[in-house]
Amino acid sequence: MENIEFPPRYEATSVESKWYQAWDDANLFSPSDDTTKPSYCITIPPPNITGSLHMGHALCYPLQDVLGRFQRMQGKRVLILPGQDHAGIATQSVVEKQLRKEGSSGAELGREKFVERVWQWRGESGDTILTQLKALGCAFDWSRLRFTLDDHYANTVLQVFIDWYNKGHIYRGKRVVNWDPKLKTSVSDIETLRETRKGHLYHIRYDFTDGTGSVVIATTRPETMLADIAVAVHPSDKRYEGKIGKMLRLPLVGREIPLVSDLYPDPEFGTGAVKITPAHDPNDYEVGVRHNLAMPVVLDLSARISAEWNREFEPELASSVEKYEGMDRYEARKQIVKDLEECGALVEIVDHEIPIILSDRSGEVIEPLLSEQWFARQGELAKPVIEAVQQDEITFHPARYKDIFLAWMESIRDWNISRQLWWGHRIPAYYTEENELFVALTWEEAQKQAGSKKIVRQDTDVLDTWFSSGMWPFVTLGWPEQSEDMNSFYPTSILITDRNIINLWVARMLMMGYDLVGAKPFSQVIIYATVLREDGRRMSKSLGTGIDPMDVINTLGADALRWTLLSQTGENQDLRYSEKKTEEARNFCNKIWNATRFVLMNVDGIPAKPTELETVDKWLLSRLVHTEKEVKQAYERFDLQAACQALYRFFWSEVCDWYIEISKSRLYNDEQKATPQWVLLTAFEAFIKMLHPIMPFITEELYKYLPIEGKREFVMSADWPVLPADLNQPEAEQEIESVFAATRALRALRAELDLKPMQQVASVYFEGDLKGNEAIVSSQAWVQNLIHGKPNGRFVSATSGGIDLHIGVEGLIDLAKVLESITRDLAKSTDEEAKLAARLDNPQFVERAKPEVIERDRATLAELKARIEKLEARQALLGA
């Protein structure tokens, strides 16, 4: 190809940075101005402003980019809208740590100064992940970048709170929440981790007050017994017939508590009796509500023993709790166990595996705590969502998540929407000196509502991050105004998210979309896979098992990383990252680069479409048609693994291994080169376009070199390939595939004779009809003369699809020497097999040997059997 300097090597880093800037400069990230085109929109899951790129992000966001690029090539008006979440707990924690390093704290600064400091931090460090998303090649519309604390967004969130409060959806009340004693805030389930630790089960005797016996309960948390208010047993438990309603005396405290009947206890576990502590266990809380029990609180916000409730409601017993006041929960546990032992109430202590809930942000053990919080009623809000999912108006991929989602929605509980933080959307609730509540957008509006009563304070809590992010798909588009974006792009097309936040985020967006906008926010939910290490361990920075995607991008390129992850993305919900796979992906990039370079070095200008094609030309073009169909369908059903497999197979095997090798002789012939040039450029143009959503950078670089008609400035703005129907030639495919099968059979026959690839054989004979494709077999099986018939003398044969292939061995190889070598190898392998089989048949060896040794020996035995079978086949082939 004249007048174009095509670099001899592909340098990912220089290519990738250049093209992203070029796309941005050309305004390709924004939707087309042509409003007659159908719309396609994704509002990306907003990463936290504290975030930096991890492997989960490296899969999640390119997935959205793939779909956007694909739909853009389908002629749609595409908007992929980016943004960030203020991430209340995470961000406040980061800034608090920074202040501690400086010898200060949030408490020392005060709320106003602390919030100013967080905004300062956000300006300095909060955009890190956005820059990294650009390095990944994500074609997001940065001109529409949104933030959940932008003025418009924040005001909308507060107005929704007010509207829901006025409708009765939101109320203030007491519930047991996940309390983080270190951060001193409630946290949602998604902000917690589960693990199992070794602990103890303490069996404690509670005596009946009338002296008629006792009940033994078992608990892992004896420190909470100070707040016990009842003991519950199952109504079917015969052991407690006639005892329901009797009073028990709580050890150490002296409180009289009832034995109640409830469905919660499991009669099969231990004594079947469960102590009920409503303020410190969510299940006990439900029992307390059903039986109208008091709810003593014995732990404060720092998880230390407090006798405040006792002093107010049972002063006569307060001293028994005050003994432990101020003790940390674990310190109190030790002292209470000691005191139980001394008073004779401790029956036994047994080892026990205890499920623990940890705060994801602080690592602190969560304390279930009765706390006054703001809640949103979700029962009515859930109904239209349940109906829509049941009727498949909203679908999940993989489909199994539909039932998981519905099961949660159908048993949905009220949502704790308040957090004890300073960073976030401050709850617009205001109080008078008499503690009368008014909900308004501003202090001034609240004062108007209060009239002559003076507003003295605003609620100190902020809203749960999930409350604001639940409005993400529509507030980002301009709602509640009927903006142009809202009219054009809502409902959005699809949501791509993590399986861990289906209930906490997907559900909230759906409920808010139906309630606030009156329409679903999206039609399809794709749950992407979890990226694990090669050995199956989860990736974690704290565990030291994380891999920084930016390191991979800087060394091997973003396209290689994208291919590594996306080529494993289908219905699976776990995939494994390995550097080896990424190196293989980089090698694939090099293969594409070198093959394109070879083709362009053998092309002169834009070749005209030929009037006649050879059968092998028809074969490749027909394979191209099938590949395009397969790849398009795979993109449409979100099976990127299948798309990548089809692209890889077509390019590496069908184009490079076969067609280019077969066509080299014509490409080097001035009279014959025009046809394979046109075929190759047709195939390469379509392939580059189909690959572009997965590997945007290398495809954009290669596209600029292609000498083709109707070329766009960028492949990113090009149309998806449309291939003429007459290129589909099943007869040509069948004919050429049979020729390839014969070629492979002949190559295998050569290998049996220890003939090396590329080593020319003077003559090979065949019987059957190769339909004029003898030149393909000759060139691809390294034969100088392919002759119809059988050779004279001794020969070996192979058969493929009605074609018999014969190689004369006389004069080609030293047959006696080869047979002697085979016999020697066979004897040695047979001896080794017999010894190893005898060892594995020995029961004493199997009992004593380590499992990994047995597994290794069995694998070796299988290899020996396969080797023996192959040697015997070669021996038979050579006529021994």
# chains A, B, ... in the order shown; residues from 1 in each chain; ligands from 1
$ select_by_dssp --residues "range 750-819 of chain A" --states "strand (DSSP E)" --output "PyMOL selection string"
chain A and resi 761-767+783-788+795-800+803-808
$ residues_around --residues "Trp563 in chain A" --least-positions-apart "6" --cutoff "10 Å" --atoms "only C-alpha atoms" --output "list in words"
Leu59, Pro62, Thr569, Lys581, Thr582, Glu584, Ala585, Arg586, Phe588, Cys589, Leu640, Gln641, Cys644, Leu691, Ile694 and Met695 of chain A
$ write_last_selection --atoms "all heavy atoms" --output "CSV table (one decimal), in the first residue's frame"
chain,number,residue,atom,x,y,z
A,59,LEU,N,-14.6,-4.8,34.4
A,59,LEU,CA,-15.6,-5.6,33.7
A,59,LEU,C,-16.9,-4.8,33.6
A,59,LEU,O,-17.4,-4.7,32.5
A,59,LEU,CB,-15.8,-6.9,34.4
A,59,LEU,CG,-16.9,-7.8,33.8
A,59,LEU,CD1,-16.6,-8.2,32.4
A,59,LEU,CD2,-17.1,-9.0,34.7
A,62,PRO,N,-16.7,-1.4,31.0
A,62,PRO,CA,-16.5,-1.8,29.6
A,62,PRO,C,-17.7,-2.6,29.0
A,62,PRO,O,-18.0,-2.5,27.8
A,62,PRO,CB,-15.2,-2.6,29.6
A,62,PRO,CG,-14.4,-2.1,30.7
A,62,PRO,CD,-15.4,-1.8,31.7
A,569,THR,N,-17.3,-13.5,29.6
A,569,THR,CA,-18.5,-13.0,30.1
A,569,THR,C,-19.7,-13.5,29.3
A,569,THR,O,-19.9,-13.1,28.1
A,569,THR,CB,-18.5,-11.4,30.0
A,569,THR,OG1,-17.5,-11.0,30.9
A,569,THR,CG2,-19.8,-10.9,30.6
A,581,LYS,N,-3.7,-15.0,30.6
A,581,LYS,CA,-4.8,-14.7,29.7
A,581,LYS,C,-4.6,-13.3,29.0
A,581,LYS,O,-4.9,-13.1,27.9
A,581,LYS,CB,-6.1,-14.9,30.4
A,581,LYS,CG,-6.5,-16.3,30.7
A,581,LYS,CD,-7.8,-16.3,31.5
A,581,LYS,CE,-8.2,-17.8,31.8
A,581,LYS,NZ,-9.4,-17.9,32.6
A,582,THR,N,-4.2,-12.4,29.8
A,582,THR,CA,-4.0,-11.0,29.3
A,582,THR,C,-2.9,-11.0,28.3
A,582,THR,O,-2.9,-10.2,27.3
A,582,THR,CB,-3.8,-10.0,30.5
A,582,THR,OG1,-4.8,-10.2,31.4
A,582,THR,CG2,-4.0,-8.6,29.9
A,584,GLU,N,-2.0,-13.4,26.5
A,584,GLU,CA,-2.6,-14.1,25.3
A,584,GLU,C,-3.4,-13.1,24.5
A,584,GLU,O,-3.4,-13.1,23.3
A,584,GLU,CB,-3.4,-15.3,25.7
A,584,GLU,CG,-2.5,-16.5,26.2
A,584,GLU,CD,-3.3,-17.6,26.8
A,584,GLU,OE1,-4.6,-17.4,26.9
A,584,GLU,OE2,-2.8,-18.7,27.1
A,585,ALA,N,-4.2,-12.3,25.2
A,585,ALA,CA,-5.0,-11.2,24.6
A,585,ALA,C,-4.1,-10.2,23.9
A,585,ALA,O,-4.4,-9.8,22.8
A,585,ALA,CB,-5.9,-10.5,25.6
A,586,ARG,N,-3.0,-9.8,24.5
A,586,ARG,CA,-2.0,-8.9,23.9
A,586,ARG,C,-1.5,-9.6,22.6
A,586,ARG,O,-1.3,-8.9,21.6
A,586,ARG,CB,-0.9,-8.6,24.9
A,586,ARG,CG,0.1,-7.5,24.5
A,586,ARG,CD,1.3,-8.0,23.8
A,586,ARG,NE,1.9,-9.2,24.4
A,586,ARG,CZ,2.7,-9.1,25.4
A,586,ARG,NH1,3.1,-8.0,25.9
A,586,ARG,NH2,3.2,-10.3,26.0
A,588,PHE,N,-3.0,-11.7,20.8
A,588,PHE,CA,-4.1,-11.6,19.8
A,588,PHE,C,-4.1,-10.2,19.1
A,588,PHE,O,-4.2,-10.1,17.9
A,588,PHE,CB,-5.4,-11.9,20.4
A,588,PHE,CG,-6.6,-12.0,19.5
A,588,PHE,CD1,-6.5,-12.6,18.2
A,588,PHE,CD2,-7.8,-11.4,19.8
A,588,PHE,CE1,-7.5,-12.6,17.3
A,588,PHE,CE2,-8.9,-11.5,18.9
A,588,PHE,CZ,-8.8,-12.1,17.7
A,589,CYS,N,-3.9,-9.2,19.9
A,589,CYS,CA,-3.7,-7.8,19.3
A,589,CYS,C,-2.6,-7.8,18.3
A,589,CYS,O,-2.7,-7.2,17.2
A,589,CYS,CB,-3.5,-6.8,20.4
A,589,CYS,SG,-4.9,-6.5,21.5
A,640,LEU,N,-21.1,-12.0,25.5
A,640,LEU,CA,-19.8,-11.5,24.9
A,640,LEU,C,-18.8,-12.6,24.8
A,640,LEU,O,-17.9,-12.5,23.9
A,640,LEU,CB,-19.3,-10.3,25.7
A,640,LEU,CG,-20.2,-9.2,26.0
A,640,LEU,CD1,-19.5,-8.0,26.5
A,640,LEU,CD2,-20.9,-8.8,24.7
A,641,GLN,N,-18.9,-13.6,25.6
A,641,GLN,CA,-18.0,-14.8,25.5
A,641,GLN,C,-18.2,-15.4,24.1
A,641,GLN,O,-17.2,-15.7,23.4
A,641,GLN,CB,-18.3,-15.8,26.6
A,641,GLN,CG,-17.4,-17.0,26.6
A,641,GLN,CD,-17.6,-17.9,27.8
A,641,GLN,OE1,-18.8,-18.1,28.2
A,641,GLN,NE2,-16.6,-18.4,28.4
A,644,CYS,N,-16.8,-13.1,21.3
A,644,CYS,CA,-15.4,-13.2,21.3
A,644,CYS,C,-14.9,-14.5,20.6
A,644,CYS,O,-13.9,-14.5,19.9
A,644,CYS,CB,-14.8,-13.0,22.6
A,644,CYS,SG,-14.9,-11.3,23.3
A,691,LEU,N,-15.3,-6.2,15.9
A,691,LEU,CA,-14.4,-6.3,17.0
A,691,LEU,C,-14.4,-5.0,17.8
A,691,LEU,O,-14.1,-5.0,19.0
A,691,LEU,CB,-13.0,-6.7,16.6
A,691,LEU,CG,-11.9,-6.8,17.7
A,691,LEU,CD1,-12.3,-7.9,18.7
A,691,LEU,CD2,-10.6,-7.0,17.1
A,694,ILE,N,-15.5,-4.5,21.5
A,694,ILE,CA,-14.7,-5.2,22.5
A,694,ILE,C,-13.3,-4.5,22.6
A,694,ILE,O,-12.8,-4.2,23.7
A,694,ILE,CB,-14.5,-6.6,22.1
A,694,ILE,CG1,-15.8,-7.3,22.0
A,694,ILE,CG2,-13.6,-7.4,23.1
A,694,ILE,CD1,-16.6,-7.6,23.3
A,695,MET,N,-12.6,-4.3,21.5
A,695,MET,CA,-11.3,-3.7,21.4
A,695,MET,C,-11.3,-2.4,20.6
A,695,MET,O,-11.0,-2.3,19.4
A,695,MET,CB,-10.3,-4.7,20.7
A,695,MET,CG,-9.9,-5.9,21.6
A,695,MET,SD,-8.7,-6.8,20.7
A,695,MET,CE,-8.1,-8.0,22.0
$ residues_around --residues "Arg426 in chain A" --least-positions-apart "5" --cutoff "7 Å" --atoms "only C-alpha atoms" --output "number ranges by chain"
A: 460-463
$ closest_residue --among "A:Arg175, A:Arg197, A:Lys101, A:His291" --to "Ala230 in chain A" --atoms "only C-alpha atoms"
A:His291
$ residues_around --residues "Thr13 in chain A" --least-positions-apart "4" --cutoff "10 Å" --atoms "only C-alpha atoms" --output "PDB file with N, CA and C atoms, in the first residue's frame"
ATOM      1  N   SER A  17      -4.038   6.256  24.099  1.00  0.00           N
ATOM      2  CA  SER A  17      -4.198   7.631  24.578  1.00  0.00           C
ATOM      3  C   SER A  17      -4.553   8.574  23.429  1.00  0.00           C
ATOM      4  N   LYS A  18      -3.988   8.318  22.271  1.00  0.00           N
ATOM      5  CA  LYS A  18      -4.230   9.177  21.110  1.00  0.00           C
ATOM      6  C   LYS A  18      -5.690   9.136  20.685  1.00  0.00           C
ATOM      7  N   ALA A 135      -9.182   5.731  30.526  1.00  0.00           N
ATOM      8  CA  ALA A 135      -8.075   4.854  30.115  1.00  0.00           C
ATOM      9  C   ALA A 135      -8.579   3.496  29.667  1.00  0.00           C
ATOM     10  N   ILE A 553      -3.179  -2.068  32.252  1.00  0.00           N
ATOM     11  CA  ILE A 553      -3.365  -1.175  31.112  1.00  0.00           C
ATOM     12  C   ILE A 553      -2.035  -0.549  30.697  1.00  0.00           C
ATOM     13  N   ASN A 554      -1.247  -0.146  31.668  1.00  0.00           N
ATOM     14  CA  ASN A 554       0.022   0.538  31.361  1.00  0.00           C
ATOM     15  C   ASN A 554       1.078  -0.396  30.780  1.00  0.00           C
ATOM     16  N   THR A 555       0.926  -1.702  31.011  1.00  0.00           N
ATOM     17  CA  THR A 555       1.925  -2.643  30.493  1.00  0.00           C
ATOM     18  C   THR A 555       1.436  -3.407  29.262  1.00  0.00           C
ATOM     19  N   LEU A 556       0.186  -3.853  29.272  1.00  0.00           N
ATOM     20  CA  LEU A 556      -0.319  -4.694  28.188  1.00  0.00           C
ATOM     21  C   LEU A 556      -1.405  -4.027  27.349  1.00  0.00           C
ATOM     22  N   GLY A 557      -1.973  -2.942  27.858  1.00  0.00           N
ATOM     23  CA  GLY A 557      -2.977  -2.222  27.083  1.00  0.00           C
ATOM     24  C   GLY A 557      -4.397  -2.484  27.549  1.00  0.00           C
ATOM     25  N   ALA A 558      -5.253  -1.465  27.356  1.00  0.00           N
ATOM     26  CA  ALA A 558      -6.659  -1.580  27.759  1.00  0.00           C
ATOM     27  C   ALA A 558      -7.396  -2.608  26.917  1.00  0.00           C
ATOM     28  N   PHE A 697      -9.612   0.471  20.703  1.00  0.00           N
ATOM     29  CA  PHE A 697      -8.421   1.247  20.342  1.00  0.00           C
ATOM     30  C   PHE A 697      -7.701   0.679  19.116  1.00  0.00           C
TER      31      PHE A 697
END
$ closest_residue --among "A:Val118, A:Leu79, A:Met73, A:Val456" --to "Asp719 in chain A" --atoms "only C-alpha atoms"
A:Met73
$ residues_around --residues "Leu861 in chain A" --least-positions-apart "4" --cutoff "12 Å" --atoms "only C-alpha atoms" --output "PyMOL selection string"
chain A and resi 829-841+854-857+865-868
$ residues_around --residues "Pro757 in chain A" --least-positions-apart "6" --cutoff "10 Å" --atoms "only C-alpha atoms" --output "MDAnalysis selection string"
chainID A and resid 747 750:751 780:782
$ residues_around --residues "Trp142 in chain A" --least-positions-apart "2" --cutoff "9 Å" --atoms "only C-alpha atoms" --output "PyMOL selection string"
chain A and resi 24+29-30+81-83+139-140+144-146
$ write_last_selection --atoms "N, CA, C and O atoms" --output "mmCIF file, in the first residue's frame"
data_model
loop_
_atom_site.group_PDB
_atom_site.id
_atom_site.type_symbol
_atom_site.label_atom_id
_atom_site.label_comp_id
_atom_site.auth_asym_id
_atom_site.auth_seq_id
_atom_site.Cartn_x
_atom_site.Cartn_y
_atom_site.Cartn_z
ATOM 1 N N ASP A 24 -13.039 12.254 21.780
ATOM 2 C CA ASP A 24 -13.595 13.342 22.592
ATOM 3 C C ASP A 24 -13.637 14.637 21.784
ATOM 4 O O ASP A 24 -14.644 15.354 21.789
ATOM 5 N N PHE A 29 -18.843 11.129 21.958
ATOM 6 C CA PHE A 29 -19.432 10.548 23.163
ATOM 7 C C PHE A 29 -20.864 11.041 23.387
ATOM 8 O O PHE A 29 -21.599 10.459 24.183
ATOM 9 N N SER A 30 -21.246 12.125 22.731
ATOM 10 C CA SER A 30 -22.596 12.676 22.894
ATOM 11 C C SER A 30 -23.554 12.021 21.897
ATOM 12 O O SER A 30 -23.141 11.560 20.829
ATOM 13 N N LEU A 81 -24.513 7.780 30.155
ATOM 14 C CA LEU A 81 -24.384 8.930 31.045
ATOM 15 C C LEU A 81 -23.575 8.559 32.284
ATOM 16 O O LEU A 81 -23.960 7.670 33.036
ATOM 17 N N PRO A 82 -22.449 9.245 32.509
ATOM 18 C CA PRO A 82 -21.594 8.931 33.658
ATOM 19 C C PRO A 82 -21.908 9.808 34.865
ATOM 20 O O PRO A 82 -22.586 10.839 34.758
ATOM 21 N N GLY A 83 -21.403 9.412 35.993
ATOM 22 C CA GLY A 83 -21.558 10.218 37.198
ATOM 23 C C GLY A 83 -20.914 9.541 38.380
ATOM 24 O O GLY A 83 -20.315 8.470 38.258
ATOM 25 N N ALA A 139 -16.645 5.059 26.378
ATOM 26 C CA ALA A 139 -17.156 6.186 25.589
ATOM 27 C C ALA A 139 -18.397 6.766 26.258
ATOM 28 O O ALA A 139 -19.525 6.593 25.791
ATOM 29 N N PHE A 140 -18.196 7.441 27.384
ATOM 30 C CA PHE A 140 -19.293 8.028 28.144
ATOM 31 C C PHE A 140 -19.389 9.522 27.823
ATOM 32 O O PHE A 140 -18.374 10.168 27.528
ATOM 33 N N ARG A 144 -22.283 15.421 30.233
ATOM 34 C CA ARG A 144 -23.460 15.235 31.074
ATOM 35 C C ARG A 144 -23.098 14.636 32.437
ATOM 36 O O ARG A 144 -23.962 14.067 33.110
ATOM 37 N N LEU A 145 -21.852 14.736 32.842
ATOM 38 C CA LEU A 145 -21.406 14.150 34.097
ATOM 39 C C LEU A 145 -22.279 14.619 35.262
ATOM 40 O O LEU A 145 -22.510 15.811 35.432
ATOM 41 N N ARG A 146 -22.752 13.671 36.066
ATOM 42 C CA ARG A 146 -23.621 13.999 37.198
ATOM 43 C C ARG A 146 -22.978 13.565 38.514
ATOM 44 O O ARG A 146 -22.129 12.675 38.552
#
$ atom_distance --atom1 "CA of Ser411 in chain A" --atom2 "CA of Thr395 in chain A"
19.8 Å
$ closest_residue --among "A:Asp266, A:Glu434, A:Asp328, A:Glu241" --to "Lys454 in chain A" --atoms "only C-alpha atoms"
A:Glu434
$ closest_residue --among "A:Glu191, A:Glu852, A:Glu685, A:Glu124" --to "Leu504 in chain A" --atoms "only C-alpha atoms"
A:Glu191
$ atom_distance --atom1 "CA of Trp23 in chain A" --atom2 "CA of Ala718 in chain A"
12.8 Å
$ select_by_dssp --residues "range 15-229 of chain A" --states "alpha helix (DSSP H)" --output "count of residues only"
88
$ atom_distance --atom1 "CA of Tyr705 in chain A" --atom2 "CA of Leu621 in chain A"
21.2 Å
$ closest_residue --among "A:Ile357, A:Gly344, A:Pro315, A:His203" --to "Lys275 in chain A" --atoms "only C-alpha atoms"
A:His203
$ closest_residue --among "A:Pro696, A:Thr131, A:Ile807, A:Thr682" --to "Leu561 in chain A" --atoms "only C-alpha atoms"
A:Pro696
$ decode --residues "range 328-345 of chain A" --atoms "N, CA, C and O atoms" --output "short mmCIF file (atom, residue, chain, number, x, y, z; two decimals), in the first residue's frame"
data_model
loop_
_atom_site.label_atom_id
_atom_site.label_comp_id
_atom_site.auth_asym_id
_atom_site.auth_seq_id
_atom_site.Cartn_x
_atom_site.Cartn_y
_atom_site.Cartn_z
N ASP A 328 -16.82 -2.14 77.83
CA ASP A 328 -16.97 -2.57 76.44
C ASP A 328 -17.74 -3.89 76.41
O ASP A 328 -17.69 -4.66 77.36
N ARG A 329 -18.45 -4.14 75.32
CA ARG A 329 -19.31 -5.34 75.25
C ARG A 329 -18.54 -6.63 75.52
O ARG A 329 -19.08 -7.56 76.11
N TYR A 330 -17.30 -6.70 75.06
CA TYR A 330 -16.52 -7.93 75.25
C TYR A 330 -15.99 -8.04 76.68
O TYR A 330 -15.95 -9.14 77.26
N GLU A 331 -15.62 -6.90 77.24
CA GLU A 331 -15.21 -6.88 78.64
C GLU A 331 -16.38 -7.27 79.53
O GLU A 331 -16.24 -8.05 80.48
N ALA A 332 -17.55 -6.73 79.21
CA ALA A 332 -18.75 -7.05 79.99
C ALA A 332 -19.09 -8.53 79.88
O ALA A 332 -19.54 -9.16 80.85
N ARG A 333 -18.90 -9.10 78.70
CA ARG A 333 -19.19 -10.53 78.52
C ARG A 333 -18.38 -11.37 79.49
O ARG A 333 -18.92 -12.27 80.15
N LYS A 334 -17.09 -11.09 79.59
CA LYS A 334 -16.23 -11.87 80.50
C LYS A 334 -16.71 -11.75 81.95
O LYS A 334 -16.79 -12.73 82.69
N GLN A 335 -17.04 -10.52 82.36
CA GLN A 335 -17.46 -10.31 83.75
C GLN A 335 -18.81 -10.97 84.03
O GLN A 335 -19.01 -11.57 85.10
N ILE A 336 -19.73 -10.88 83.07
CA ILE A 336 -21.05 -11.48 83.27
C ILE A 336 -20.95 -12.99 83.35
O ILE A 336 -21.61 -13.63 84.18
N VAL A 337 -20.14 -13.61 82.50
CA VAL A 337 -19.94 -15.06 82.55
C VAL A 337 -19.36 -15.45 83.91
O VAL A 337 -19.79 -16.45 84.53
N LYS A 338 -18.41 -14.68 84.38
CA LYS A 338 -17.82 -14.95 85.70
C LYS A 338 -18.88 -14.85 86.79
O LYS A 338 -18.97 -15.73 87.68
N ASP A 339 -19.73 -13.82 86.74
CA ASP A 339 -20.76 -13.64 87.75
C ASP A 339 -21.82 -14.73 87.66
O ASP A 339 -22.35 -15.18 88.70
N LEU A 340 -22.15 -15.17 86.46
CA LEU A 340 -23.13 -16.25 86.29
C LEU A 340 -22.60 -17.54 86.91
O LEU A 340 -23.34 -18.33 87.53
N GLU A 341 -21.31 -17.76 86.71
CA GLU A 341 -20.69 -18.96 87.27
C GLU A 341 -20.73 -18.92 88.80
O GLU A 341 -21.05 -19.91 89.47
N GLU A 342 -20.46 -17.76 89.36
CA GLU A 342 -20.44 -17.61 90.82
C GLU A 342 -21.82 -17.79 91.45
O GLU A 342 -21.96 -18.34 92.55
N CYS A 343 -22.88 -17.35 90.74
CA CYS A 343 -24.23 -17.47 91.31
C CYS A 343 -24.89 -18.80 90.95
O CYS A 343 -26.04 -19.04 91.32
N GLY A 344 -24.19 -19.64 90.18
CA GLY A 344 -24.70 -20.97 89.87
C GLY A 344 -25.66 -21.03 88.70
O GLY A 344 -26.28 -22.06 88.45
N ALA A 345 -25.80 -19.94 87.97
CA ALA A 345 -26.74 -19.92 86.84
C ALA A 345 -26.10 -20.42 85.54
O ALA A 345 -26.81 -20.73 84.57
#
